[in-house]
Amino acid sequence: FTMAKRDAEVYLLFGSTGWIGGMLKKMLGQDSKTVVAAKSRIEDRDAVAKELDEVKPTRVLLAAGLTGRPNVDWCETHQEETIRVNVTGTLSLADLCSQRGLHVTIFATGCIYHYDDDHPVGGKGFTEEDKPNFDGSFYSKTKAMVEELLKSYSNVCVLRVRMPISDDLSERNFVTKIARYDKVVDIPNSMTVLSGMLPLSLAMSAAEVKGIYNFTNRGVISHNEILELYKEIVDPNFTYANFTVEEQAKVIKAPRSNNYLDTTKLEACAKQLGMEVPEVREAVVAALTLSRKALQDAGQYPAGLPKKFGPGNAGLNGPATNGSK
């Protein structure tokens, strides 16, 4: 890839009010980059075209999409809306950018694979070349569909984020989600600890890196390993219980993806950019340490710790919004 240097970089960011989008906006601002928060919605092609022509960005970042609230089960019963944003909208943005010679970085998902006979737990990871084998949830199905179509565009970088973790106990943080559940499954997974990974995404955008990348930390970590660290670092009084995938299936509408994504391609790219891909356990420890400190600094410890949902994970089916992953 080439290091494209232009005099005045202007980033047009879709999904700036979302969780990951908000972090990207903040990081770009701290780096004194010009970032414009897109006002158009990606499903409105005419409005997006108009905004691209008015803003005249040099880079486009897409961190908007429908994940459903409070979780992907929402997409099962809102399939048209999910397609409109996750497939049509995403593809339309890539297409409009292509027509204008613009590079676009898309924050996508790695929840399109599931452990199988060829990729067992503890075995080799899925690479960017492997065909997606998980379409258990409608959300994942739409993400695999659009990724296949995006391969035809030479101006796109697709970053497959999984189970994102932040440095605070926000409700979108994967740690907060599982800490609130009455019971959790315990399966090793690839995850994306955002604080160490998002700067890499911005470096990839600046270098106009193209293609698909497994955008997760190195290695895997299981639910129990995370919750043990949570107990050790954040809340010594924390308790949790496990249940099987079969038992979990009774309280969720759609199956969930569990996988290990191979990060060899991403590590090589990071190295070329003079960066590295942090190891997942170390990154989780750092994120949890900062999460506790943030609560303490705000005078909200321990009162501000995540509260458990009721037994059977009641309280999971709240309203949905259109934010970022």
# chains A, B, ... in the order shown; residues from 1 in each chain; ligands from 1
$ closest_atom_pairs --of "range 175-277 of chain A" --to "range 144-158 of chain A" --cutoff "10 Å" --atoms "only C-alpha atoms" --output "JSON lines"
{"residue": "A:Ser201", "atom": "CA", "partner": "A:Cys157", "partner_atom": "CA", "distance": 9.5}
{"residue": "A:Met204", "atom": "CA", "partner": "A:Cys157", "partner_atom": "CA", "distance": 8.4}
{"residue": "A:Ser205", "atom": "CA", "partner": "A:Cys157", "partner_atom": "CA", "distance": 7.8}
{"residue": "A:Glu208", "atom": "CA", "partner": "A:Cys157", "partner_atom": "CA", "distance": 7.9}
{"residue": "A:Val209", "atom": "CA", "partner": "A:Cys157", "partner_atom": "CA", "distance": 6.2}
{"residue": "A:Lys210", "atom": "CA", "partner": "A:Cys157", "partner_atom": "CA", "distance": 4.4}
{"residue": "A:Gly211", "atom": "CA", "partner": "A:Cys157", "partner_atom": "CA", "distance": 4.8}
{"residue": "A:Ile212", "atom": "CA", "partner": "A:Val158", "partner_atom": "CA", "distance": 4.7}
{"residue": "A:Tyr213", "atom": "CA", "partner": "A:Val158", "partner_atom": "CA", "distance": 6.1}
{"residue": "A:Asn214", "atom": "CA", "partner": "A:Val158", "partner_atom": "CA", "distance": 8.5}
{"residue": "A:Phe215", "atom": "CA", "partner": "A:Val158", "partner_atom": "CA", "distance": 8.8}
$ write_last_selection --atoms "all heavy atoms" --output "PDB file, in the first residue's frame"
ATOM      1  N   SER A 201      -6.305   1.498  13.287  1.00  0.00           N
ATOM      2  CA  SER A 201      -7.284   1.671  12.203  1.00  0.00           C
ATOM      3  C   SER A 201      -7.099   3.022  11.514  1.00  0.00           C
ATOM      4  O   SER A 201      -7.228   3.136  10.297  1.00  0.00           O
ATOM      5  CB  SER A 201      -8.712   1.535  12.729  1.00  0.00           C
ATOM      6  OG  SER A 201      -9.092   2.641  13.527  1.00  0.00           O
ATOM      7  N   MET A 204      -4.117   2.899   9.316  1.00  0.00           N
ATOM      8  CA  MET A 204      -4.434   2.141   8.095  1.00  0.00           C
ATOM      9  C   MET A 204      -5.229   3.014   7.119  1.00  0.00           C
ATOM     10  O   MET A 204      -5.018   2.969   5.907  1.00  0.00           O
ATOM     11  CB  MET A 204      -5.216   0.871   8.449  1.00  0.00           C
ATOM     12  CG  MET A 204      -4.358  -0.165   9.173  1.00  0.00           C
ATOM     13  SD  MET A 204      -5.313  -1.548   9.856  1.00  0.00           S
ATOM     14  CE  MET A 204      -5.604  -2.544   8.373  1.00  0.00           C
ATOM     15  N   SER A 205      -6.125   3.838   7.662  1.00  0.00           N
ATOM     16  CA  SER A 205      -6.896   4.754   6.817  1.00  0.00           C
ATOM     17  C   SER A 205      -5.959   5.774   6.160  1.00  0.00           C
ATOM     18  O   SER A 205      -6.036   6.020   4.952  1.00  0.00           O
ATOM     19  CB  SER A 205      -7.955   5.475   7.660  1.00  0.00           C
ATOM     20  OG  SER A 205      -8.491   6.576   6.962  1.00  0.00           O
ATOM     21  N   GLU A 208      -4.153   4.423   3.385  1.00  0.00           N
ATOM     22  CA  GLU A 208      -5.061   3.883   2.365  1.00  0.00           C
ATOM     23  C   GLU A 208      -4.888   2.379   2.151  1.00  0.00           C
ATOM     24  O   GLU A 208      -4.807   1.893   1.014  1.00  0.00           O
ATOM     25  CB  GLU A 208      -4.949   4.668   1.046  1.00  0.00           C
ATOM     26  CG  GLU A 208      -5.333   6.126   1.226  1.00  0.00           C
ATOM     27  CD  GLU A 208      -5.656   6.863  -0.079  1.00  0.00           C
ATOM     28  OE1 GLU A 208      -5.370   6.307  -1.161  1.00  0.00           O
ATOM     29  OE2 GLU A 208      -6.195   7.971   0.007  1.00  0.00           O
ATOM     30  N   VAL A 209      -4.824   1.653   3.254  1.00  0.00           N
ATOM     31  CA  VAL A 209      -4.735   0.192   3.200  1.00  0.00           C
ATOM     32  C   VAL A 209      -6.060  -0.337   2.650  1.00  0.00           C
ATOM     33  O   VAL A 209      -7.129   0.147   3.015  1.00  0.00           O
ATOM     34  CB  VAL A 209      -4.480  -0.381   4.611  1.00  0.00           C
ATOM     35  CG1 VAL A 209      -4.548  -1.899   4.599  1.00  0.00           C
ATOM     36  CG2 VAL A 209      -3.125   0.100   5.137  1.00  0.00           C
ATOM     37  N   LYS A 210      -5.977  -1.307   1.751  1.00  0.00           N
ATOM     38  CA  LYS A 210      -7.200  -1.839   1.153  1.00  0.00           C
ATOM     39  C   LYS A 210      -7.352  -3.325   1.444  1.00  0.00           C
ATOM     40  O   LYS A 210      -6.384  -3.997   1.758  1.00  0.00           O
ATOM     41  CB  LYS A 210      -7.179  -1.597  -0.359  1.00  0.00           C
ATOM     42  CG  LYS A 210      -7.071  -0.101  -0.679  1.00  0.00           C
ATOM     43  CD  LYS A 210      -6.976   0.183  -2.162  1.00  0.00           C
ATOM     44  CE  LYS A 210      -6.906   1.685  -2.415  1.00  0.00           C
ATOM     45  NZ  LYS A 210      -5.542   2.232  -2.289  1.00  0.00           N
ATOM     46  N   GLY A 211      -8.578  -3.817   1.349  1.00  0.00           N
ATOM     47  CA  GLY A 211      -8.836  -5.233   1.564  1.00  0.00           C
ATOM     48  C   GLY A 211      -9.497  -5.511   2.904  1.00  0.00           C
ATOM     49  O   GLY A 211      -9.892  -4.593   3.628  1.00  0.00           O
ATOM     50  N   ILE A 212      -9.593  -6.799   3.231  1.00  0.00           N
ATOM     51  CA  ILE A 212     -10.279  -7.235   4.451  1.00  0.00           C
ATOM     52  C   ILE A 212      -9.251  -7.642   5.501  1.00  0.00           C
ATOM     53  O   ILE A 212      -8.269  -8.320   5.197  1.00  0.00           O
ATOM     54  CB  ILE A 212     -11.213  -8.419   4.133  1.00  0.00           C
ATOM     55  CG1 ILE A 212     -12.327  -7.954   3.169  1.00  0.00           C
ATOM     56  CG2 ILE A 212     -11.819  -9.016   5.398  1.00  0.00           C
ATOM     57  CD1 ILE A 212     -13.173  -9.070   2.611  1.00  0.00           C
ATOM     58  N   TYR A 213      -9.476  -7.207   6.736  1.00  0.00           N
ATOM     59  CA  TYR A 213      -8.568  -7.546   7.843  1.00  0.00           C
ATOM     60  C   TYR A 213      -9.332  -8.030   9.063  1.00  0.00           C
ATOM     61  O   TYR A 213     -10.322  -7.409   9.464  1.00  0.00           O
ATOM     62  CB  TYR A 213      -7.728  -6.318   8.258  1.00  0.00           C
ATOM     63  CG  TYR A 213      -6.640  -5.992   7.270  1.00  0.00           C
ATOM     64  CD1 TYR A 213      -6.915  -5.244   6.129  1.00  0.00           C
ATOM     65  CD2 TYR A 213      -5.338  -6.473   7.439  1.00  0.00           C
ATOM     66  CE1 TYR A 213      -5.929  -4.970   5.196  1.00  0.00           C
ATOM     67  CE2 TYR A 213      -4.344  -6.197   6.509  1.00  0.00           C
ATOM     68  CZ  TYR A 213      -4.641  -5.451   5.398  1.00  0.00           C
ATOM     69  OH  TYR A 213      -3.657  -5.188   4.470  1.00  0.00           O
ATOM     70  N   ASN A 214      -8.859  -9.132   9.653  1.00  0.00           N
ATOM     71  CA  ASN A 214      -9.355  -9.550  10.965  1.00  0.00           C
ATOM     72  C   ASN A 214      -8.821  -8.511  11.939  1.00  0.00           C
ATOM     73  O   ASN A 214      -7.613  -8.441  12.166  1.00  0.00           O
ATOM     74  CB  ASN A 214      -8.830 -10.946  11.325  1.00  0.00           C
ATOM     75  CG  ASN A 214      -9.497 -12.031  10.492  1.00  0.00           C
ATOM     76  OD1 ASN A 214     -10.596 -11.834   9.974  1.00  0.00           O
ATOM     77  ND2 ASN A 214      -8.840 -13.173  10.364  1.00  0.00           N
ATOM     78  N   PHE A 215      -9.711  -7.694  12.514  1.00  0.00           N
ATOM     79  CA  PHE A 215      -9.267  -6.570  13.328  1.00  0.00           C
ATOM     80  C   PHE A 215      -9.484  -6.859  14.821  1.00  0.00           C
ATOM     81  O   PHE A 215     -10.304  -6.228  15.489  1.00  0.00           O
ATOM     82  CB  PHE A 215      -9.990  -5.290  12.891  1.00  0.00           C
ATOM     83  CG  PHE A 215      -9.279  -4.037  13.322  1.00  0.00           C
ATOM     84  CD1 PHE A 215      -8.058  -3.685  12.749  1.00  0.00           C
ATOM     85  CD2 PHE A 215      -9.808  -3.226  14.305  1.00  0.00           C
ATOM     86  CE1 PHE A 215      -7.389  -2.539  13.144  1.00  0.00           C
ATOM     87  CE2 PHE A 215      -9.151  -2.074  14.701  1.00  0.00           C
ATOM     88  CZ  PHE A 215      -7.942  -1.730  14.127  1.00  0.00           C
TER      89      PHE A 215
END
$ residues_around --residues "Lys56 in chain A" --least-positions-apart "5" --cutoff "10 Å" --atoms "only C-alpha atoms" --output "compact mmCIF listing (two decimals) with N, CA and C atoms, in the first residue's frame"
# COMPACT_ATOMS: atom_id res chain seq x y z
N VAL A 10 -9.01 15.66 5.33
CA VAL A 10 -10.33 15.87 5.91
C VAL A 10 -11.01 14.51 6.02
N TYR A 11 -11.34 14.12 7.25
CA TYR A 11 -12.01 12.85 7.49
C TYR A 11 -13.51 13.08 7.60
N LEU A 12 -14.29 12.35 6.80
CA LEU A 12 -15.74 12.39 6.95
C LEU A 12 -16.13 11.12 7.68
N LYS A 50 -24.58 14.13 -1.81
CA LYS A 50 -24.54 15.59 -1.66
C LYS A 50 -23.51 15.97 -0.60
N GLU A 51 -23.50 15.23 0.51
CA GLU A 51 -22.56 15.56 1.59
C GLU A 51 -21.11 15.31 1.16
N ARG A 100 -15.84 8.72 -6.59
CA ARG A 100 -15.10 9.97 -6.32
C ARG A 100 -13.62 9.72 -6.00
N LEU A 102 -12.35 8.02 -3.56
CA LEU A 102 -12.11 8.17 -2.11
C LEU A 102 -11.91 6.84 -1.42
$ closest_residue --among "A:Gly196, A:Pro120, A:Glu232, A:Ala179" --to "Met275 in chain A" --atoms "only C-alpha atoms"
A:Gly196
$ select_by_dssp --residues "range 19-136 of chain A" --states "helix (DSSP H, G or I)" --output "VMD selection string"
chain A and resid 19 to 30 45 to 55 73 to 76 79 to 99
$ write_last_selection --atoms "C-alpha atoms" --output "PDB file, in the first residue's frame"
ATOM      1  CA  TRP A  19     -19.919   4.223  20.441  1.00  0.00           C
ATOM      2  CA  ILE A  20     -16.885   3.471  18.259  1.00  0.00           C
ATOM      3  CA  GLY A  21     -17.536   6.516  16.073  1.00  0.00           C
ATOM      4  CA  GLY A  22     -17.369   8.744  19.133  1.00  0.00           C
ATOM      5  CA  MET A  23     -13.978   7.299  20.071  1.00  0.00           C
ATOM      6  CA  LEU A  24     -12.655   7.810  16.539  1.00  0.00           C
ATOM      7  CA  LYS A  25     -13.847  11.417  16.510  1.00  0.00           C
ATOM      8  CA  LYS A  26     -12.088  12.071  19.814  1.00  0.00           C
ATOM      9  CA  MET A  27      -8.849  10.402  18.676  1.00  0.00           C
ATOM     10  CA  LEU A  28      -8.760  12.351  15.409  1.00  0.00           C
ATOM     11  CA  GLY A  29      -9.400  15.582  17.314  1.00  0.00           C
ATOM     12  CA  GLN A  30      -6.568  14.853  19.749  1.00  0.00           C
ATOM     13  CA  ARG A  45     -27.934   7.690  -1.064  1.00  0.00           C
ATOM     14  CA  ASP A  46     -28.806  11.136  -2.424  1.00  0.00           C
ATOM     15  CA  ALA A  47     -28.039  12.845   0.879  1.00  0.00           C
ATOM     16  CA  VAL A  48     -24.727  10.975   1.186  1.00  0.00           C
ATOM     17  CA  ALA A  49     -23.724  11.942  -2.386  1.00  0.00           C
ATOM     18  CA  LYS A  50     -24.543  15.585  -1.656  1.00  0.00           C
ATOM     19  CA  GLU A  51     -22.558  15.558   1.589  1.00  0.00           C
ATOM     20  CA  LEU A  52     -19.519  13.944  -0.055  1.00  0.00           C
ATOM     21  CA  ASP A  53     -19.547  16.672  -2.706  1.00  0.00           C
ATOM     22  CA  GLU A  54     -19.973  19.466  -0.168  1.00  0.00           C
ATOM     23  CA  VAL A  55     -17.420  18.297   2.410  1.00  0.00           C
ATOM     24  CA  ASP A  73     -31.803 -10.347  18.514  1.00  0.00           C
ATOM     25  CA  TRP A  74     -33.580  -7.123  17.461  1.00  0.00           C
ATOM     26  CA  CYS A  75     -32.419  -7.664  13.880  1.00  0.00           C
ATOM     27  CA  GLU A  76     -34.323 -10.965  13.689  1.00  0.00           C
ATOM     28  CA  GLN A  79     -34.968  -7.530   8.827  1.00  0.00           C
ATOM     29  CA  GLU A  80     -35.836  -4.851   6.264  1.00  0.00           C
ATOM     30  CA  GLU A  81     -34.341  -2.073   8.400  1.00  0.00           C
ATOM     31  CA  THR A  82     -31.249  -4.192   8.983  1.00  0.00           C
ATOM     32  CA  ILE A  83     -30.739  -4.767   5.240  1.00  0.00           C
ATOM     33  CA  ARG A  84     -31.396  -1.093   4.437  1.00  0.00           C
ATOM     34  CA  VAL A  85     -28.507   0.034   6.634  1.00  0.00           C
ATOM     35  CA  ASN A  86     -26.084  -2.894   6.872  1.00  0.00           C
ATOM     36  CA  VAL A  87     -26.221  -4.001   3.239  1.00  0.00           C
ATOM     37  CA  THR A  88     -27.719  -1.321   0.965  1.00  0.00           C
ATOM     38  CA  GLY A  89     -26.395   1.662   2.923  1.00  0.00           C
ATOM     39  CA  THR A  90     -22.897   0.299   3.427  1.00  0.00           C
ATOM     40  CA  LEU A  91     -22.573  -0.773  -0.211  1.00  0.00           C
ATOM     41  CA  SER A  92     -23.969   2.542  -1.447  1.00  0.00           C
ATOM     42  CA  LEU A  93     -21.387   4.510   0.569  1.00  0.00           C
ATOM     43  CA  ALA A  94     -18.532   2.356  -0.776  1.00  0.00           C
ATOM     44  CA  ASP A  95     -19.891   2.867  -4.300  1.00  0.00           C
ATOM     45  CA  LEU A  96     -20.263   6.658  -3.980  1.00  0.00           C
ATOM     46  CA  CYS A  97     -16.726   6.883  -2.571  1.00  0.00           C
ATOM     47  CA  SER A  98     -15.409   4.729  -5.414  1.00  0.00           C
ATOM     48  CA  GLN A  99     -16.955   7.079  -7.983  1.00  0.00           C
TER      49      GLN A  99
END
$ closest_atom_pairs --of "range 178-231 of chain A" --to "range 282-302 of chain A" --cutoff "10 Å" --atoms "only C-alpha atoms" --output "tab-separated table"
residue	atom	partner	partner_atom	distance
A:Met191	CA	A:Val284	CA	9.4
A:Thr192	CA	A:Ala283	CA	9.0
A:Val193	CA	A:Ala283	CA	6.3
A:Leu194	CA	A:Ala287	CA	8.9
A:Ser195	CA	A:Ala287	CA	7.9
A:Gly196	CA	A:Ala283	CA	7.5
A:Met197	CA	A:Ala283	CA	9.7
A:Asn217	CA	A:Ala283	CA	8.0
A:Arg218	CA	A:Ala283	CA	9.6
A:Ile221	CA	A:Val284	CA	9.1
A:Glu225	CA	A:Val284	CA	10.0
A:Ile226	CA	A:Val284	CA	7.5
A:Leu229	CA	A:Val285	CA	7.0
A:Tyr230	CA	A:Leu288	CA	6.7
A:Lys231	CA	A:Leu288	CA	9.9
$ residues_around --residues "range 13-15 of chain A" --least-positions-apart "6" --cutoff "10 Å" --atoms "only C-alpha atoms" --output "list in words"
Gly21, Gly22, Leu24, Lys25, Val35, Val36, Ala37, Ala38, Lys39, Ser40, Arg41, Ile42, Val48, Pro57, Arg59, Val60, Leu61, Leu62, Ala63, Ala64, Gly65, Leu93, Val104, Thr105, Ile106, Asn322, Gly323, Ser324 and Lys325 of chain A
$ atom_distance --atom1 "CA of His78 in chain A" --atom2 "CA of Lys131 in chain A"
25.8 Å
$ select_by_dssp --residues "range 86-161 of chain A" --states "strand (DSSP E or B)" --output "VMD selection string"
chain A and resid 103 to 109 126 156 to 161
$ atom_distance --atom1 "CA of Thr216 in chain A" --atom2 "CA of Leu198 in chain A"
10.4 Å
$ residues_around --residues "Ser257 in chain A" --least-positions-apart "4" --cutoff "9 Å" --atoms "only C-alpha atoms" --output "ChimeraX atom specification"
/A:110-115,134-137,140
$ closest_residue --among "A:Val121, A:Lys271, A:Leu305, A:Val184" --to "Asp168 in chain A" --atoms "only C-alpha atoms"
A:Leu305
$ atom_distance --atom1 "CA of Phe243 in chain A" --atom2 "CA of Asn259 in chain A"
18.0 Å
